[in-house]
Every structure is written in structure tokens, then in C-alpha cells.
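Structure first, then comments.
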Amino acid sequence: MQNLTVLGATGSIGASTLKVVSENPSAFNIYALVGGRNVTKMAELCAAWQPEYAVLSEEADAKQLRSLLVPGARTQVLFGEQAMCDVSSASEVDMVMAAIVGAAG
């Protein structure tokens with residue numbers, strides 16, 4: 001099973017990636033989901049996928065996401081560019097889907 005980090009998980013390419021993952025549950029595990037500022041969508045994705053990490057761009061958004069997750073949830077919520085890099089380069093990660101635009105990608 002391949003551990004996958006999805007950069008841009010809340011966007012259309014991220015959604016397409018997660019659809020492929022859902023159709024191949026024995027092949028992939030969602031290690032981390034990374035999004036911009038769409039807290040509501042990220043909360044939905046965390047509930048569905050139970051990733052180890054969820055990363056948003058801004059600290060205030062990460063705080064809001066933490067408040068939306070079920071107490072005791074497995075997912076650790078982080079924020080910022082360094083956290084995005086960390087969940088992409090973690091030794092546990094086998095593949096990264098970079099579905100974000102511009103230099104951030």
C-alpha cells in the first residue's frame with residue numbers, strides 16, 4: 001500500500017485524485033491532505049479519509065479546522081509552507097500528488 005500526500009486536496013484535481021484512491025482502496029493510504037483556506041471542505045475530507053495530517057495555509061484556518069474535527073481524531077492539523085513541505089517529504093510518504101498552482105506547487 002502506497003502512502004500518499006495530496007497537495008491541493010480541496011480543489012478539482014485533488015478531488016479527482018481522491019476518487020481514484022477511493023476506487024483502489026487496497027493500493028493507497030492517505031497520509032496527508034494539504035489545502036489552501038477551504039476549512040469546510042478540508043473538514044469533510046478529514047472525516048472521510050482520516051489522514052495522519054491535514055495542512056492549511058493559515059494558522060487561523062488550522063485552528064478553525066481543529067475545532068471542527070471530532071475530539072480525539074487521529075488527524076493532526078498543521079499550517080504554513082514548512083508544514084506542507086514536511087508532510088510531502090516525510091519518510092512515510094511514497095507519493096505526492098502536487099495539485100496546486102504556481103510556485104507553491
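Residue numbering restarts at 1 for every chain of the C-alpha cells, chains are lettered A, B, ... in their displayed order, and ligands are numbered from 1 as they appear.
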| said: as a ChimeraX atom specification, please: the residues near Met95 of chain A (cut-off 12 Å, only C-alpha atoms, same-chain neighbours under 2 positions excluded). | reply: /A:1-7,17,27-32,87-93,97-98
| request: Could you give me, as an MDAnalysis selection string, each residue of chain A that DSSP assigns to alpha helix (DSSP H) when run on this structure's backbone? | output: chainID A and resid 12:22 39:49 59:68 81:89
| What is the distance, in Å and to one decimal place, between atom CA of Ser57 of chain A and atom CA of Ala15 of chain A? |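 These two atoms are separated by 18.3 Å.
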Hey, could you make a per-residue contact list for segment 5-65 of chain A against segment 72-80 of chain A with 9 Å as the cut-off, showing the nearest pair of atoms and its distance in Å to one decimal, counting only C-alpha atoms, sorted by chain and number, as JSON lines?
{"residue": "A:Ala32", "atom": "CA", "partner": "A:Thr75", "partner_atom": "CA", "distance": 8.7}
{"residue": "A:Cys46", "atom": "CA", "partner": "A:Thr75", "partner_atom": "CA", "distance": 7.2}
{"residue": "A:Ala47", "atom": "CA", "partner": "A:Ala73", "partner_atom": "CA", "distance": 8.8}
{"residue": "A:Gln50", "atom": "CA", "partner": "A:Thr75", "partner_atom": "CA", "distance": 6.2}
{"residue": "A:Pro51", "atom": "CA", "partner": "A:Thr75", "partner_atom": "CA", "distance": 5.6}
{"residue": "A:Glu52", "atom": "CA", "partner": "A:Thr75", "partner_atom": "CA", "distance": 4.7}
{"residue": "A:Tyr53", "atom": "CA", "partner": "A:Gln76", "partner_atom": "CA", "distance": 4.8}
{"residue": "A:Ala54", "atom": "CA", "partner": "A:Val77", "partner_atom": "CA", "distance": 4.9}
{"residue": "A:Val55", "atom": "CA", "partner": "A:Leu78", "partner_atom": "CA", "distance": 4.7}
{"residue": "A:Leu56", "atom": "CA", "partner": "A:Phe79", "partner_atom": "CA", "distance": 4.8}
{"residue": "A:Ser57", "atom": "CA", "partner": "A:Gly80", "partner_atom": "CA", "distance": 4.8}
{"residue": "A:Glu58", "atom": "CA", "partner": "A:Phe79", "partner_atom": "CA", "distance": 5.7}
{"residue": "A:Glu59", "atom": "CA", "partner": "A:Phe79", "partner_atom": "CA", "distance": 5.6}
{"residue": "A:Ala60", "atom": "CA", "partner": "A:Phe79", "partner_atom": "CA", "distance": 8.8}
{"residue": "A:Asp61", "atom": "CA", "partner": "A:Phe79", "partner_atom": "CA", "distance": 8.1}
{"residue": "A:Ala62", "atom": "CA", "partner": "A:Phe79", "partner_atom": "CA", "distance": 6.0}
{"residue": "A:Lys63", "atom": "CA", "partner": "A:Val77", "partner_atom": "CA", "distance": 8.0}
{"residue": "A:Leu65", "atom": "CA", "partner": "A:Val77", "partner_atom": "CA", "distance": 7.4}
Restricted to all heavy atoms, what would the selected residues look like written as a CSV table (one decimal), in the first residue's frame?
chain,number,residue,atom,x,y,z
A,32,ALA,N,-1.5,12.5,4.1
A,32,ALA,CA,-1.7,13.9,4.4
A,32,ALA,C,-2.5,14.5,3.3
A,32,ALA,O,-2.4,14.2,2.2
A,32,ALA,CB,-0.4,14.6,4.6
A,46,CYS,N,-11.2,15.3,5.9
A,46,CYS,CA,-10.6,14.6,7.1
A,46,CYS,C,-11.5,13.6,7.7
A,46,CYS,O,-11.1,12.5,8.1
A,46,CYS,CB,-10.2,15.7,8.2
A,46,CYS,SG,-8.8,16.7,7.7
A,47,ALA,N,-12.8,13.9,7.7
A,47,ALA,CA,-13.8,12.9,8.2
A,47,ALA,C,-13.8,11.7,7.4
A,47,ALA,O,-13.9,10.5,7.8
A,47,ALA,CB,-15.2,13.6,8.3
A,50,GLN,N,-9.5,10.3,7.2
A,50,GLN,CA,-8.8,10.1,8.4
A,50,GLN,C,-7.3,10.1,8.2
A,50,GLN,O,-6.5,9.2,8.6
A,50,GLN,CB,-9.2,8.8,9.1
A,50,GLN,CG,-10.6,8.7,9.4
A,50,GLN,CD,-11.0,9.6,10.6
A,50,GLN,OE1,-10.3,9.5,11.6
A,50,GLN,NE2,-12.0,10.4,10.4
A,51,PRO,N,-6.7,11.2,7.5
A,51,PRO,CA,-5.3,11.2,7.3
A,51,PRO,C,-4.5,11.5,8.6
A,51,PRO,O,-5.1,11.9,9.6
A,51,PRO,CB,-5.1,12.5,6.4
A,51,PRO,CG,-6.3,13.4,6.8
A,51,PRO,CD,-7.4,12.4,7.1
A,52,GLU,N,-3.2,11.2,8.6
A,52,GLU,CA,-2.4,11.5,9.7
A,52,GLU,C,-2.3,13.0,9.9
A,52,GLU,O,-2.3,13.4,11.0
A,52,GLU,CB,-1.0,10.9,9.5
A,52,GLU,CG,-0.8,9.4,9.4
A,52,GLU,CD,-1.0,8.8,10.8
A,52,GLU,OE1,-0.6,9.4,11.8
A,52,GLU,OE2,-1.4,7.6,10.8
A,53,TYR,N,-2.2,13.7,8.8
A,53,TYR,CA,-2.1,15.2,8.8
A,53,TYR,C,-3.0,15.9,7.9
A,53,TYR,O,-3.3,15.4,6.8
A,53,TYR,CB,-0.6,15.6,8.5
A,53,TYR,CG,0.4,15.0,9.4
A,53,TYR,CD1,1.1,13.8,9.2
A,53,TYR,CD2,0.7,15.7,10.6
A,53,TYR,CE1,2.0,13.3,10.0
A,53,TYR,CE2,1.6,15.2,11.5
A,53,TYR,CZ,2.3,14.0,11.2
A,53,TYR,OH,3.2,13.5,12.1
A,54,ALA,N,-3.4,17.1,8.3
A,54,ALA,CA,-4.1,18.0,7.4
A,54,ALA,C,-3.4,19.3,7.6
A,54,ALA,O,-3.1,19.8,8.7
A,54,ALA,CB,-5.6,18.1,7.9
A,55,VAL,N,-3.1,19.9,6.4
A,55,VAL,CA,-2.4,21.2,6.5
A,55,VAL,C,-3.1,22.3,5.7
A,55,VAL,O,-3.5,22.0,4.6
A,55,VAL,CB,-1.0,21.0,5.8
A,55,VAL,CG1,-0.2,22.3,5.9
A,55,VAL,CG2,-0.2,19.9,6.5
A,56,LEU,N,-3.3,23.4,6.3
A,56,LEU,CA,-3.9,24.6,5.7
A,56,LEU,C,-2.8,25.7,5.6
A,56,LEU,O,-1.8,25.7,6.3
A,56,LEU,CB,-5.1,25.0,6.4
A,56,LEU,CG,-6.3,24.0,6.4
A,56,LEU,CD1,-7.4,24.4,7.3
A,56,LEU,CD2,-6.8,23.9,4.9
A,57,SER,N,-3.1,26.7,4.8
A,57,SER,CA,-2.2,27.8,4.6
A,57,SER,C,-2.0,28.7,5.9
A,57,SER,O,-0.9,29.0,6.2
A,57,SER,CB,-2.6,28.7,3.5
A,57,SER,OG,-2.6,28.0,2.3
A,58,GLU,N,-3.1,29.0,6.5
A,58,GLU,CA,-3.1,30.0,7.6
A,58,GLU,C,-3.3,29.4,9.0
A,58,GLU,O,-4.2,28.5,9.1
A,58,GLU,CB,-4.1,31.1,7.3
A,58,GLU,CG,-3.9,31.8,6.0
A,58,GLU,CD,-2.7,32.6,5.9
A,58,GLU,OE1,-2.2,33.1,6.9
A,58,GLU,OE2,-2.1,32.7,4.8
A,59,GLU,N,-2.7,30.0,10.0
A,59,GLU,CA,-2.9,29.5,11.4
A,59,GLU,C,-4.4,29.6,11.8
A,59,GLU,O,-4.9,28.6,12.5
A,59,GLU,CB,-2.0,30.3,12.3
A,59,GLU,CG,-2.1,29.8,13.7
A,59,GLU,CD,-1.1,30.5,14.7
A,59,GLU,OE1,-0.5,31.5,14.2
A,59,GLU,OE2,-0.9,30.0,15.8
A,60,ALA,N,-5.0,30.7,11.5
A,60,ALA,CA,-6.4,30.8,11.9
A,60,ALA,C,-7.3,29.7,11.3
A,60,ALA,O,-8.2,29.2,12.0
A,60,ALA,CB,-6.9,32.2,11.5
A,61,ASP,N,-7.1,29.4,10.1
A,61,ASP,CA,-7.8,28.3,9.4
A,61,ASP,C,-7.5,27.0,10.0
A,61,ASP,O,-8.5,26.1,10.2
A,61,ASP,CB,-7.5,28.3,7.9
A,61,ASP,CG,-7.9,29.5,7.2
A,61,ASP,OD1,-9.0,30.2,7.6
A,61,ASP,OD2,-7.2,29.9,6.2
A,62,ALA,N,-6.3,26.7,10.4
A,62,ALA,CA,-5.9,25.5,11.1
A,62,ALA,C,-6.7,25.4,12.4
A,62,ALA,O,-7.2,24.3,12.8
A,62,ALA,CB,-4.4,25.4,11.3
A,63,LYS,N,-6.7,26.5,13.1
A,63,LYS,CA,-7.4,26.5,14.4
A,63,LYS,C,-8.9,26.2,14.2
A,63,LYS,O,-9.5,25.4,15.0
A,63,LYS,CB,-7.2,27.8,15.1
A,63,LYS,CG,-7.8,27.9,16.5
A,63,LYS,CD,-7.5,29.3,17.1
A,63,LYS,CE,-8.2,29.4,18.5
A,63,LYS,NZ,-8.0,30.6,19.1
A,65,LEU,N,-10.2,24.5,11.8
A,65,LEU,CA,-10.3,23.1,11.4
A,65,LEU,C,-10.2,22.2,12.6
A,65,LEU,O,-11.0,21.2,12.8
A,65,LEU,CB,-9.3,22.7,10.4
A,65,LEU,CG,-9.2,21.2,9.9
A,65,LEU,CD1,-10.6,20.8,9.3
A,65,LEU,CD2,-8.1,21.0,9.0
| request: For atom CA of Ala9 of chain A and atom CA of Asp86 of chain A, determine how far apart the two atoms are, in Å to one decimal place. | output: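 Between atom CA of Ala9 of chain A and atom CA of Asp86 of chain A the gap is 16.0 Å.
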| Smallest atom-to-atom distance to Lys19 of chain A: which of A:Ala48, A:Val39, A:Val70, A:Val34, using only C-alpha atoms? |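 That would be A:Ala48, the residue with the smallest distance to Lys19 of chain A.
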| task | May I ask for the distance between atom CA of Leu33 of chain A and atom CA of Gly14 of chain A, given in Å to one decimal place? | result |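 Computing it gives 9.1 Å between the two atoms.
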| message | Report as number ranges by chain all protein, DNA and RNA residues lying within 9 Å of Asn38 of chain A, evaluated on only C-alpha atoms, omitting residues in the same chain fewer than 3 positions from it. | response | A: 10, 35, 41-43, 56, 61
Using only all heavy atoms, please write the residues we just selected to a file, as an mmCIF file, in the first residue's frame.
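Result file is part-v2.cif:
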data_model
loop_
_atom_site.group_PDB
_atom_site.id
_atom_site.type_symbol
_atom_site.label_atom_id
_atom_site.label_comp_id
_atom_site.auth_asym_id
_atom_site.auth_seq_id
_atom_site.Cartn_x
_atom_site.Cartn_y
_atom_site.Cartn_z
ATOM 1 N N THR A 10 -8.379 20.108 -1.677
ATOM 2 C CA THR A 10 -9.717 20.691 -1.704
ATOM 3 C C THR A 10 -10.130 21.173 -3.094
ATOM 4 O O THR A 10 -11.274 21.584 -3.296
ATOM 5 C CB THR A 10 -9.826 21.865 -0.710
ATOM 6 O OG1 THR A 10 -8.848 22.855 -1.040
ATOM 7 C CG2 THR A 10 -9.619 21.380 0.721
ATOM 8 N N GLY A 35 -4.388 21.745 1.851
ATOM 9 C CA GLY A 35 -5.301 22.648 1.163
ATOM 10 C C GLY A 35 -4.939 24.093 1.464
ATOM 11 O O GLY A 35 -4.090 24.369 2.307
ATOM 12 N N LYS A 41 -14.378 22.275 3.456
ATOM 13 C CA LYS A 41 -14.057 21.135 2.588
ATOM 14 C C LYS A 41 -12.994 20.250 3.230
ATOM 15 O O LYS A 41 -13.083 19.016 3.185
ATOM 16 C CB LYS A 41 -13.589 21.635 1.217
ATOM 17 C CG LYS A 41 -13.271 20.530 0.246
ATOM 18 C CD LYS A 41 -14.504 19.734 -0.120
ATOM 19 C CE LYS A 41 -14.177 18.709 -1.186
ATOM 20 N NZ LYS A 41 -15.332 17.882 -1.521
ATOM 21 N N MET A 42 -11.994 20.862 3.851
ATOM 22 C CA MET A 42 -10.941 20.071 4.497
ATOM 23 C C MET A 42 -11.508 19.252 5.657
ATOM 24 O O MET A 42 -11.118 18.095 5.848
ATOM 25 C CB MET A 42 -9.801 20.969 4.981
ATOM 26 C CG MET A 42 -8.630 20.198 5.548
ATOM 27 S SD MET A 42 -7.808 19.080 4.379
ATOM 28 C CE MET A 42 -6.694 20.239 3.607
ATOM 29 N N ALA A 43 -12.440 19.816 6.396
ATOM 30 C CA ALA A 43 -13.074 19.067 7.493
ATOM 31 C C ALA A 43 -13.812 17.845 6.945
ATOM 32 O O ALA A 43 -13.732 16.752 7.521
ATOM 33 C CB ALA A 43 -14.028 19.971 8.270
ATOM 34 N N LEU A 56 -3.257 23.419 6.307
ATOM 35 C CA LEU A 56 -3.863 24.577 5.666
ATOM 36 C C LEU A 56 -2.839 25.710 5.624
ATOM 37 O O LEU A 56 -1.825 25.667 6.325
ATOM 38 C CB LEU A 56 -5.116 25.015 6.415
ATOM 39 C CG LEU A 56 -6.281 24.016 6.355
ATOM 40 C CD1 LEU A 56 -7.383 24.399 7.323
ATOM 41 C CD2 LEU A 56 -6.829 23.929 4.941
ATOM 42 N N ASP A 61 -7.052 29.380 10.063
ATOM 43 C CA ASP A 61 -7.822 28.319 9.403
ATOM 44 C C ASP A 61 -7.548 26.970 10.050
ATOM 45 O O ASP A 61 -8.456 26.149 10.222
ATOM 46 C CB ASP A 61 -7.510 28.273 7.910
ATOM 47 C CG ASP A 61 -7.942 29.542 7.198
ATOM 48 O OD1 ASP A 61 -8.953 30.151 7.590
ATOM 49 O OD2 ASP A 61 -7.243 29.942 6.245
#
